[in-house]
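*Asks:* Structure file start_15.cif, mmCIF, C-alpha atoms and all ligand atoms, is pasted below:
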```cif
data_my_file
#
loop_
_atom_site.group_PDB
_atom_site.id
_atom_site.type_symbol
_atom_site.label_atom_id
_atom_site.label_comp_id
_atom_site.auth_asym_id
_atom_site.auth_seq_id
_atom_site.Cartn_x
_atom_site.Cartn_y
_atom_site.Cartn_z
ATOM 1 C CA MET A 25 18.188 2.869 -0.696
ATOM 2 C CA GLN A 26 21.555 1.497 -1.681
ATOM 3 C CA GLY A 27 21.585 -0.549 -4.878
ATOM 4 C CA VAL A 28 18.079 0.585 -5.810
ATOM 5 C CA THR A 29 17.310 3.046 -8.599
ATOM 6 C CA VAL A 30 13.791 4.459 -8.769
ATOM 7 C CA VAL A 31 13.058 5.518 -12.344
ATOM 8 C CA GLU A 32 11.242 8.799 -11.876
ATOM 9 C CA HIS A 33 10.829 9.703 -15.541
ATOM 10 C CA PRO A 34 7.410 11.405 -15.964
ATOM 11 C CA LEU A 35 6.325 9.036 -18.738
ATOM 12 C CA VAL A 36 7.056 6.025 -16.522
ATOM 13 C CA GLN A 37 5.200 7.543 -13.566
ATOM 14 C CA HIS A 38 2.192 8.532 -15.691
ATOM 15 C CA LYS A 39 1.906 5.097 -17.303
ATOM 16 C CA LEU A 40 2.295 3.399 -13.924
ATOM 17 C CA THR A 41 -0.626 5.412 -12.539
ATOM 18 C CA LEU A 42 -2.752 4.225 -15.471
ATOM 19 C CA MET A 43 -1.753 0.623 -14.796
ATOM 20 C CA ARG A 44 -2.602 0.763 -11.099
ATOM 21 C CA GLN A 45 -6.221 1.733 -11.786
ATOM 22 C CA LYS A 46 -8.457 -1.255 -11.209
ATOM 23 C CA ASP A 47 -10.671 -0.636 -14.251
ATOM 24 C CA ARG A 48 -7.783 -0.644 -16.734
ATOM 25 C CA SER A 49 -8.540 -3.269 -19.400
ATOM 26 C CA THR A 50 -6.394 -6.355 -19.929
ATOM 27 C CA LYS A 51 -5.369 -4.929 -23.290
ATOM 28 C CA GLY A 52 -4.480 -1.554 -21.796
ATOM 29 C CA PHE A 53 -2.572 -3.126 -18.907
ATOM 30 C CA ARG A 54 -0.508 -5.280 -21.252
ATOM 31 C CA GLN A 55 0.233 -2.401 -23.599
ATOM 32 C CA LEU A 56 1.337 -0.111 -20.765
ATOM 33 C CA LEU A 57 3.593 -2.791 -19.271
ATOM 34 C CA ASN A 58 5.204 -3.181 -22.648
ATOM 35 C CA GLU A 59 5.739 0.570 -23.011
ATOM 36 C CA ILE A 60 7.137 0.976 -19.493
ATOM 37 C CA GLY A 61 9.432 -1.977 -20.200
ATOM 38 C CA MET A 62 11.064 0.001 -23.002
ATOM 39 C CA LEU A 63 11.547 3.041 -20.802
ATOM 40 C CA LEU A 64 12.996 0.980 -17.943
ATOM 41 C CA LEU A 65 15.362 -0.764 -20.334
ATOM 42 C CA TYR A 66 16.583 2.629 -21.544
ATOM 43 C CA GLU A 67 17.464 3.536 -17.946
ATOM 44 C CA VAL A 68 18.990 0.215 -16.936
ATOM 45 C CA THR A 69 21.317 0.160 -19.971
ATOM 46 C CA ARG A 70 22.613 3.725 -19.518
ATOM 47 C CA ASP A 71 26.116 2.584 -18.542
ATOM 48 C CA LEU A 72 26.672 -0.153 -21.138
ATOM 49 C CA PRO A 73 30.230 0.046 -22.468
ATOM 50 C CA LEU A 74 30.938 1.445 -25.929
ATOM 51 C CA GLU A 75 33.932 1.164 -28.226
ATOM 52 C CA ALA A 76 34.929 3.404 -31.106
ATOM 53 C CA VAL A 77 34.814 1.834 -34.565
ATOM 54 C CA GLU A 78 35.694 3.336 -37.913
ATOM 55 C CA ILE A 79 32.707 3.774 -40.246
ATOM 56 C CA GLU A 80 32.045 5.596 -43.477
ATOM 57 C CA THR A 81 29.121 8.027 -43.726
ATOM 58 C CA PRO A 82 28.009 9.301 -47.167
ATOM 59 C CA VAL A 83 30.254 12.320 -46.450
ATOM 60 C CA THR A 84 33.406 11.069 -44.750
ATOM 61 C CA ARG A 85 35.051 8.476 -42.523
ATOM 62 C CA MET A 86 34.680 8.828 -38.779
ATOM 63 C CA MET A 87 35.189 7.010 -35.501
ATOM 64 C CA ALA A 88 31.755 6.226 -34.035
ATOM 65 C CA PRO A 89 30.630 4.482 -30.815
ATOM 66 C CA GLN A 90 29.050 1.047 -30.803
ATOM 67 C CA LEU A 91 28.149 -1.396 -28.042
ATOM 68 C CA VAL A 92 30.948 -3.742 -27.063
ATOM 69 C CA GLY A 93 30.723 -7.248 -25.597
ATOM 70 C CA LYS A 94 28.290 -10.115 -25.912
ATOM 71 C CA LYS A 95 24.589 -9.542 -26.388
ATOM 72 C CA LEU A 96 22.654 -9.096 -23.168
ATOM 73 C CA VAL A 97 20.191 -11.635 -21.790
ATOM 74 C CA LEU A 98 16.609 -10.787 -20.867
ATOM 75 C CA ALA A 99 15.388 -13.209 -18.199
ATOM 76 C CA PRO A 100 11.627 -12.824 -17.619
ATOM 77 C CA ILE A 101 10.110 -14.617 -14.630
ATOM 78 C CA LEU A 102 6.955 -16.327 -15.943
ATOM 79 C CA ARG A 103 4.272 -15.313 -16.319
ATOM 80 C CA ALA A 104 4.176 -11.605 -15.588
ATOM 81 C CA GLY A 105 7.805 -10.894 -16.530
ATOM 82 C CA VAL A 106 6.931 -11.781 -20.123
ATOM 83 C CA GLY A 107 4.941 -8.543 -20.211
ATOM 84 C CA PHE A 108 8.215 -6.613 -20.415
ATOM 85 C CA LEU A 109 9.679 -8.759 -23.150
ATOM 86 C CA ASP A 110 8.244 -7.526 -26.464
ATOM 87 C CA GLY A 111 8.961 -3.867 -25.756
ATOM 88 C CA MET A 112 12.485 -4.617 -24.616
ATOM 89 C CA LEU A 113 13.171 -6.857 -27.611
ATOM 90 C CA ASP A 114 12.054 -4.014 -29.879
ATOM 91 C CA LEU A 115 14.901 -1.950 -28.383
ATOM 92 C CA VAL A 116 17.532 -4.719 -28.271
ATOM 93 C CA PRO A 117 16.424 -7.139 -30.991
ATOM 94 C CA SER A 118 19.485 -9.374 -30.717
ATOM 95 C CA ALA A 119 19.200 -9.934 -26.971
ATOM 96 C CA ARG A 120 19.107 -13.551 -25.829
ATOM 97 C CA VAL A 121 16.196 -14.726 -23.660
ATOM 98 C CA ALA A 122 16.249 -16.951 -20.562
ATOM 99 C CA HIS A 123 12.811 -18.123 -19.402
ATOM 100 C CA VAL A 124 12.465 -18.667 -15.661
ATOM 101 C CA GLY A 125 9.194 -20.406 -14.738
ATOM 102 C CA LEU A 126 8.252 -19.761 -11.101
ATOM 103 C CA TYR A 127 4.993 -19.453 -9.260
ATOM 104 C CA ARG A 128 4.347 -18.247 -5.749
ATOM 105 C CA ASP A 129 2.778 -20.804 -3.439
ATOM 106 C CA PRO A 130 -0.290 -18.904 -2.146
ATOM 107 C CA GLU A 131 0.056 -20.339 1.388
ATOM 108 C CA THR A 132 3.790 -20.203 2.053
ATOM 109 C CA LEU A 133 4.623 -17.459 -0.515
ATOM 110 C CA SER A 134 7.715 -19.466 -1.452
ATOM 111 C CA ALA A 135 8.731 -19.661 -5.123
ATOM 112 C CA VAL A 136 8.200 -22.976 -6.914
ATOM 113 C CA GLU A 137 10.169 -23.622 -10.099
ATOM 114 C CA TYR A 138 8.389 -25.299 -13.030
ATOM 115 C CA TYR A 139 10.548 -24.320 -16.021
ATOM 116 C CA PHE A 140 14.036 -23.027 -16.760
ATOM 117 C CA LYS A 141 15.738 -22.545 -20.122
ATOM 118 C CA ALA A 142 18.696 -20.217 -20.594
ATOM 119 C CA PRO A 143 21.567 -19.622 -23.028
ATOM 120 C CA SER A 144 24.628 -21.716 -22.125
ATOM 121 C CA ASP A 145 27.176 -18.884 -21.864
ATOM 122 C CA LEU A 146 25.605 -16.717 -19.159
ATOM 123 C CA GLU A 147 28.985 -15.996 -17.541
ATOM 124 C CA ASP A 148 29.959 -13.626 -20.373
ATOM 125 C CA ARG A 149 26.725 -11.664 -20.530
ATOM 126 C CA LEU A 150 24.780 -9.015 -18.632
ATOM 127 C CA VAL A 151 21.550 -10.693 -17.444
ATOM 128 C CA LEU A 152 18.463 -8.565 -16.749
ATOM 129 C CA VAL A 153 15.919 -10.367 -14.563
ATOM 130 C CA LEU A 154 12.436 -9.093 -15.430
ATOM 131 C CA ASP A 155 9.409 -9.218 -13.159
ATOM 132 C CA PRO A 156 6.885 -6.423 -12.619
ATOM 133 C CA MET A 157 6.423 -7.311 -8.935
ATOM 134 C CA LEU A 158 9.071 -7.576 -6.209
ATOM 135 C CA ALA A 159 6.866 -8.419 -3.231
ATOM 136 C CA THR A 160 8.490 -10.828 -0.731
ATOM 137 C CA ALA A 161 11.286 -11.183 -3.357
ATOM 138 C CA ASN A 162 11.162 -14.964 -2.973
ATOM 139 C CA SER A 163 10.728 -15.238 -6.760
ATOM 140 C CA ALA A 164 13.558 -12.809 -7.585
ATOM 141 C CA VAL A 165 15.898 -14.514 -5.100
ATOM 142 C CA ALA A 166 15.098 -17.955 -6.566
ATOM 143 C CA ALA A 167 15.561 -16.687 -10.139
ATOM 144 C CA VAL A 168 18.942 -15.116 -9.350
ATOM 145 C CA ASP A 169 20.036 -18.229 -7.398
ATOM 146 C CA ARG A 170 19.240 -20.355 -10.449
ATOM 147 C CA LEU A 171 20.890 -17.997 -12.960
ATOM 148 C CA LYS A 172 24.020 -17.813 -10.781
ATOM 149 C CA GLU A 173 24.074 -21.633 -10.582
ATOM 150 C CA ARG A 174 24.106 -21.589 -14.395
ATOM 151 C CA GLY A 175 27.076 -19.196 -14.432
ATOM 152 C CA ALA A 176 25.591 -15.689 -14.511
ATOM 153 C CA ARG A 177 27.837 -13.172 -12.723
ATOM 154 C CA ASP A 178 26.566 -9.804 -13.910
ATOM 155 C CA LEU A 179 22.886 -9.449 -13.044
ATOM 156 C CA ARG A 180 20.363 -6.652 -12.608
ATOM 157 C CA ILE A 181 16.712 -6.740 -11.501
ATOM 158 C CA VAL A 182 14.112 -4.747 -13.423
ATOM 159 C CA CYS A 183 10.669 -4.392 -11.856
ATOM 160 C CA LEU A 184 7.723 -2.060 -11.804
ATOM 161 C CA LEU A 185 6.805 -2.088 -8.105
ATOM 162 C CA ALA A 186 8.937 -3.102 -5.158
ATOM 163 C CA ALA A 187 7.905 -3.513 -1.525
ATOM 164 C CA PRO A 188 10.413 -2.339 1.121
ATOM 165 C CA GLU A 189 10.269 -5.849 2.644
ATOM 166 C CA GLY A 190 11.180 -7.390 -0.732
ATOM 167 C CA ILE A 191 14.067 -5.017 -1.279
ATOM 168 C CA ALA A 192 15.443 -5.781 2.196
ATOM 169 C CA HIS A 193 15.120 -9.535 1.619
ATOM 170 C CA PHE A 194 16.624 -9.448 -1.872
ATOM 171 C CA THR A 195 19.595 -7.260 -0.948
ATOM 172 C CA SER A 196 20.365 -9.406 2.103
ATOM 173 C CA VAL A 197 20.776 -12.465 -0.166
ATOM 174 C CA HIS A 198 22.205 -10.879 -3.330
ATOM 175 C CA PRO A 199 23.716 -7.558 -2.176
ATOM 176 C CA GLU A 200 25.744 -7.054 -5.366
ATOM 177 C CA VAL A 201 22.723 -7.273 -7.705
ATOM 178 C CA PRO A 202 21.221 -3.806 -8.280
ATOM 179 C CA ILE A 203 17.493 -3.154 -8.663
ATOM 180 C CA TRP A 204 15.696 -0.760 -11.003
ATOM 181 C CA THR A 205 12.041 -0.050 -10.191
ATOM 182 C CA ALA A 206 9.392 2.510 -11.106
ATOM 183 C CA SER A 207 8.178 2.715 -7.497
ATOM 184 C CA ILE A 208 8.887 1.605 -3.961
ATOM 185 C CA ASP A 209 5.406 1.111 -2.520
ATOM 186 C CA GLU A 210 4.383 1.268 1.151
ATOM 187 C CA ARG A 211 4.326 -2.347 2.345
ATOM 188 C CA LEU A 212 3.061 -5.901 1.913
ATOM 189 C CA ASN A 213 -0.362 -6.916 3.195
ATOM 190 C CA GLU A 214 -1.103 -10.132 5.105
ATOM 191 C CA HIS A 215 -1.417 -12.052 1.817
ATOM 192 C CA GLY A 216 1.961 -10.863 0.535
ATOM 193 C CA TYR A 217 0.420 -8.386 -1.913
ATOM 194 C CA ILE A 218 2.030 -5.011 -2.503
ATOM 195 C CA VAL A 219 0.096 -2.041 -1.063
ATOM 196 C CA PRO A 220 -1.105 0.137 -2.728
ATOM 197 C CA GLY A 221 0.226 -1.971 -5.624
ATOM 198 C CA LEU A 222 -1.739 -2.940 -8.701
ATOM 199 C CA GLY A 223 -3.105 -6.376 -7.782
ATOM 200 C CA ASP A 224 -1.954 -9.612 -9.369
ATOM 201 C CA ALA A 225 0.165 -8.636 -12.342
ATOM 202 C CA GLY A 226 -0.072 -12.014 -14.135
ATOM 203 C CA ASP A 227 -3.858 -12.156 -13.807
ATOM 204 C CA ARG A 228 -4.276 -8.580 -14.967
ATOM 205 C CA MET A 229 -2.003 -9.182 -17.964
ATOM 206 C CA TYR A 230 -3.717 -12.331 -19.129
ATOM 207 C CA GLY A 231 -7.288 -11.815 -17.893
ATOM 208 C CA THR A 232 -7.177 -14.867 -15.629
ATOM 209 C CA ARG A 233 -8.239 -15.518 -12.013
HETATM 210 C C1 LIG A 301 3.873 -12.933 -9.054
HETATM 211 C C2 LIG A 301 4.768 -11.912 -9.735
HETATM 212 C C3 LIG A 301 6.119 -12.305 -9.250
HETATM 213 C C4 LIG A 301 5.851 -12.793 -7.856
HETATM 214 C C5 LIG A 301 6.267 -11.730 -6.903
HETATM 215 O O1 LIG A 301 3.926 -14.137 -9.725
HETATM 216 O O2 LIG A 301 4.654 -11.927 -11.129
HETATM 217 O O3 LIG A 301 6.736 -13.323 -10.021
HETATM 218 O O4 LIG A 301 4.446 -13.026 -7.761
HETATM 219 O O5 LIG A 301 6.072 -12.129 -5.601
HETATM 220 P P1 LIG A 301 7.270 -12.423 -4.599
HETATM 221 O O6 LIG A 301 8.212 -11.281 -4.704
HETATM 222 O O7 LIG A 301 6.571 -12.495 -3.277
HETATM 223 O O8 LIG A 301 7.902 -13.738 -4.976
HETATM 224 P P2 LIG A 301 2.911 -15.335 -9.492
HETATM 225 O O9 LIG A 301 3.517 -16.370 -8.611
HETATM 226 O O10 LIG A 301 1.567 -14.810 -9.085
HETATM 227 O O11 LIG A 301 2.853 -16.004 -10.918
HETATM 228 P P3 LIG A 301 2.288 -15.446 -12.312
HETATM 229 O O12 LIG A 301 3.226 -14.356 -12.774
HETATM 230 O O13 LIG A 301 2.345 -16.655 -13.166
HETATM 231 O O14 LIG A 301 0.888 -14.938 -12.088
HETATM 232 N N1 LIG A 302 2.520 -10.662 -7.095
HETATM 233 C C1 LIG A 302 1.650 -9.836 -7.721
HETATM 234 O O1 LIG A 302 1.310 -10.047 -8.902
HETATM 235 N N2 LIG A 302 1.189 -8.770 -7.043
HETATM 236 C C2 LIG A 302 1.546 -8.506 -5.776
HETATM 237 O O2 LIG A 302 1.096 -7.489 -5.208
HETATM 238 C C3 LIG A 302 2.440 -9.388 -5.146
HETATM 239 C C4 LIG A 302 2.907 -10.458 -5.841
#
```
What is this structure when it is put down as structure tokens?
*Replies:*
Amino acid sequence: MQGVTVVEHPLVQHKLTLMRQKDRSTKGFRQLLNEIGMLLLYEVTRDLPLEAVEIETPVTRMMAPQLVGKKLVLAPILRAGVGFLDGMLDLVPSARVAHVGLYRDPETLSAVEYYFKAPSDLEDRLVLVLDPMLATANSAVAAVDRLKERGARDLRIVCLLAAPEGIAHFTSVHPEVPIWTASIDERLNEHGYIVPGLGDAGDRMYGTR
């Protein structure tokens, strides 16, 4: 699918299988989401630009590559997107964080905003929108709408599971925003849940319901 990268790395696929299993503990689920977050971040940042700078090693001077440009922004969609955050911040400790508070109305499946706080200079930064689940994509569309309103121009979606219906919806609204996912599952069920999926990501992460 155009604009969609499925991360097929064996470690990602193995950890995802562990997460899908219904008896996985809250602790195990959270830890695996964190670990997969790191691996997905590694893939989604593959093409970040580098510049050569002069440094001095204990042996000699050399030109060496370093990242160029402003620090990237991690934008988790609350609650479940927060599950990616710690692992990703371990890899890019100086990233900025934008919190996007949305919940899915269980009847209409539309996204309802309850919180938004982002750095002021989004226009100069790569913004990674984090949410394990892209189901109808109403949440991802609303998050990207809001971040664009606040100036973001360079955005990418990072998720764990995507439904074909969600991908089609998201790309029809934001065709220039690419998606990275560990899996494209079969479909949505009548309640808007991803099948086979892994259930409710937020509930499984926090032990709620
Ligand atoms: C879940 C999930 C996504 C959203 C995906 O959040 O974490 O944000 O649903 O569904 P969509 O693509 O159909 O919008 P939920 O509203 O359950 O909130 P939570 O993360 O706080 O549990
Ligand atoms: N949100 C979830 O947490 N799981 C789904 O399957 C769909 C939306």
*Asks:* Write out as JSON lines a residue-level contact list of chain A versus ligand LIG 301 (chain A) with cut-off 9 Å: for each qualifying residue the closest pair of atoms and the distance in Å to one decimal, counting all atoms listed in the file, rows sorted by chain and residue number upward.
*Replies:*
```
{"residue": "A:Ile101", "atom": "CA", "partner": "A:LIG301", "partner_atom": "O3", "distance": 5.9}
{"residue": "A:Leu102", "atom": "CA", "partner": "A:LIG301", "partner_atom": "O12", "distance": 5.3}
{"residue": "A:Arg103", "atom": "CA", "partner": "A:LIG301", "partner_atom": "O12", "distance": 3.8}
{"residue": "A:Ala104", "atom": "CA", "partner": "A:LIG301", "partner_atom": "O12", "distance": 4.0}
{"residue": "A:Gly105", "atom": "CA", "partner": "A:LIG301", "partner_atom": "O2", "distance": 6.3}
{"residue": "A:Val106", "atom": "CA", "partner": "A:LIG301", "partner_atom": "O12", "distance": 8.6}
{"residue": "A:Gly125", "atom": "CA", "partner": "A:LIG301", "partner_atom": "O13", "distance": 8.0}
{"residue": "A:Leu126", "atom": "CA", "partner": "A:LIG301", "partner_atom": "O9", "distance": 6.3}
{"residue": "A:Tyr127", "atom": "CA", "partner": "A:LIG301", "partner_atom": "O9", "distance": 3.5}
{"residue": "A:Arg128", "atom": "CA", "partner": "A:LIG301", "partner_atom": "O9", "distance": 3.5}
{"residue": "A:Asp129", "atom": "CA", "partner": "A:LIG301", "partner_atom": "O9", "distance": 6.9}
{"residue": "A:Pro130", "atom": "CA", "partner": "A:LIG301", "partner_atom": "O9", "distance": 7.9}
{"residue": "A:Leu133", "atom": "CA", "partner": "A:LIG301", "partner_atom": "O7", "distance": 6.0}
{"residue": "A:Ser134", "atom": "CA", "partner": "A:LIG301", "partner_atom": "O8", "distance": 6.7}
{"residue": "A:Ala135", "atom": "CA", "partner": "A:LIG301", "partner_atom": "O8", "distance": 6.0}
{"residue": "A:Val136", "atom": "CA", "partner": "A:LIG301", "partner_atom": "O9", "distance": 8.3}
{"residue": "A:Leu154", "atom": "CA", "partner": "A:LIG301", "partner_atom": "O3", "distance": 8.9}
{"residue": "A:Asp155", "atom": "CA", "partner": "A:LIG301", "partner_atom": "O3", "distance": 5.8}
{"residue": "A:Pro156", "atom": "CA", "partner": "A:LIG301", "partner_atom": "O2", "distance": 6.1}
{"residue": "A:Met157", "atom": "CA", "partner": "A:LIG301", "partner_atom": "C5", "distance": 4.9}
{"residue": "A:Leu158", "atom": "CA", "partner": "A:LIG301", "partner_atom": "O6", "distance": 4.1}
{"residue": "A:Ala159", "atom": "CA", "partner": "A:LIG301", "partner_atom": "O6", "distance": 3.5}
{"residue": "A:Thr160", "atom": "CA", "partner": "A:LIG301", "partner_atom": "O7", "distance": 3.6}
{"residue": "A:Ala161", "atom": "CA", "partner": "A:LIG301", "partner_atom": "O6", "distance": 3.4}
{"residue": "A:Asn162", "atom": "CA", "partner": "A:LIG301", "partner_atom": "O8", "distance": 4.0}
{"residue": "A:Ser163", "atom": "CA", "partner": "A:LIG301", "partner_atom": "O8", "distance": 3.7}
{"residue": "A:Ala164", "atom": "CA", "partner": "A:LIG301", "partner_atom": "O6", "distance": 6.3}
{"residue": "A:Val165", "atom": "CA", "partner": "A:LIG301", "partner_atom": "O8", "distance": 8.0}
{"residue": "A:Ala166", "atom": "CA", "partner": "A:LIG301", "partner_atom": "O8", "distance": 8.5}
{"residue": "A:Ala186", "atom": "CA", "partner": "A:LIG301", "partner_atom": "O6", "distance": 8.2}
{"residue": "A:Ala187", "atom": "CA", "partner": "A:LIG301", "partner_atom": "O6", "distance": 8.4}
{"residue": "A:Gly190", "atom": "CA", "partner": "A:LIG301", "partner_atom": "O6", "distance": 6.3}
{"residue": "A:Gly216", "atom": "CA", "partner": "A:LIG301", "partner_atom": "O7", "distance": 6.2}
{"residue": "A:Tyr217", "atom": "CA", "partner": "A:LIG301", "partner_atom": "O7", "distance": 7.5}
{"residue": "A:Ile218", "atom": "CA", "partner": "A:LIG301", "partner_atom": "O5", "distance": 8.8}
{"residue": "A:Asp224", "atom": "CA", "partner": "A:LIG301", "partner_atom": "O10", "distance": 6.3}
{"residue": "A:Ala225", "atom": "CA", "partner": "A:LIG301", "partner_atom": "O2", "distance": 5.7}
{"residue": "A:Gly226", "atom": "CA", "partner": "A:LIG301", "partner_atom": "O14", "distance": 3.7}
{"residue": "A:Asp227", "atom": "CA", "partner": "A:LIG301", "partner_atom": "O14", "distance": 5.8}
{"residue": "A:Arg228", "atom": "CA", "partner": "A:LIG301", "partner_atom": "O14", "distance": 8.7}
{"residue": "A:Met229", "atom": "CA", "partner": "A:LIG301", "partner_atom": "O14", "distance": 8.7}
{"residue": "A:Tyr230", "atom": "CA", "partner": "A:LIG301", "partner_atom": "O14", "distance": 8.8}
{"residue": "A:Thr232", "atom": "CA", "partner": "A:LIG301", "partner_atom": "O14", "distance": 8.8}
```
*Asks:* I'd like the contact shell of Gln37 in chain A - 12 Å cut-off, only C-alpha atoms, skipping same-chain residues fewer than 3 positions apart - returned as a ChimeraX atom specification.
*Replies:* /A:30-34,40-44,56-57,59-60,63-64,184-185,205-208
*Asks:* Would you compute, for all listed atoms of ligand LIG 302 (chain A), the axis-aligned bounding box grown by 5 Å on each side, and then report its centre and edge lengths in Å rounded to one decimal, as JSON?
*Replies:*
```
{"center_x": 2.0, "center_y": -9.1, "center_z": -7.0, "size_x": 11.8, "size_y": 13.2, "size_z": 13.8}
```
*Asks:* Find the residues around range 143-145 of chain A up to 12 Å (only C-alpha atoms counted), leave out those fewer than 5 positions away in its own chain, and share them as an NGL selection string.
*Replies:* :A and (94-99 or 119-124 or 150-151 or 171-177)
*Asks:* Enter the distance from CA of Gly107 in chain A to CA of Leu65 in chain A, in Å, rounded to one decimal.
*Replies:*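 That distance, rounded to one decimal, is 13.0 Å.
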*Asks:* When you draw a straight line from CA of His215 in chain A to atom O1 of ligand LIG 302 (chain A), how long is it in Å?
*Replies:* 11.2 Å
*Asks:* Report the distance between CA of Glu147 in chain A and CA of Val92 in chain A in Å, rounded to one decimal place.
*Replies:*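 Between CA of Glu147 in chain A and CA of Val92 in chain A the gap works out to 15.6 Å.
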*Asks:* For each of A:Gly52, A:Pro199, A:Gly223, A:Pro100, take the minimum atom-to-atom distance to ligand LIG 302 (chain A), counting all atoms listed in the file, then give the residue where this is smallest.
*Replies:* A:Gly223
*Asks:* Please evaluate the PyMOL selection byres (((chain A and resi 91) around 7) and not hetatm) against the displayed coordinates and give the resulting residues as a PDB file with C-alpha atoms, in the coordinates of the input.
*Replies:*
```
ATOM      1  CA  PRO A  73      30.230   0.046 -22.468  1.00  0.00           C
ATOM      2  CA  LEU A  74      30.938   1.445 -25.929  1.00  0.00           C
ATOM      3  CA  GLU A  75      33.932   1.164 -28.226  1.00  0.00           C
ATOM      4  CA  PRO A  89      30.630   4.482 -30.815  1.00  0.00           C
ATOM      5  CA  GLN A  90      29.050   1.047 -30.803  1.00  0.00           C
ATOM      6  CA  VAL A  92      30.948  -3.742 -27.063  1.00  0.00           C
ATOM      7  CA  GLY A  93      30.723  -7.248 -25.597  1.00  0.00           C
TER       8      GLY A  93
END
```
*Asks:* With distances taken over only C-alpha atoms and all ligand atoms, which residue among A:Cys183, A:Ala192, A:Leu35, A:Leu146 lies nearest ligand LIG 302 (chain A)?
*Replies:*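 Checking each of A:Cys183, A:Ala192, A:Leu35, A:Leu146 against ligand LIG 302 (chain A), counting only C-alpha atoms and all ligand atoms, the winner is A:Cys183.
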*Asks:* Choose the residue, out of A:His193, A:Gly231, A:Gly111, A:Asn213, that has the smallest atom-to-atom separation from ligand LIG 302 (chain A); count all atoms listed in the file.
*Replies:* A:Asn213
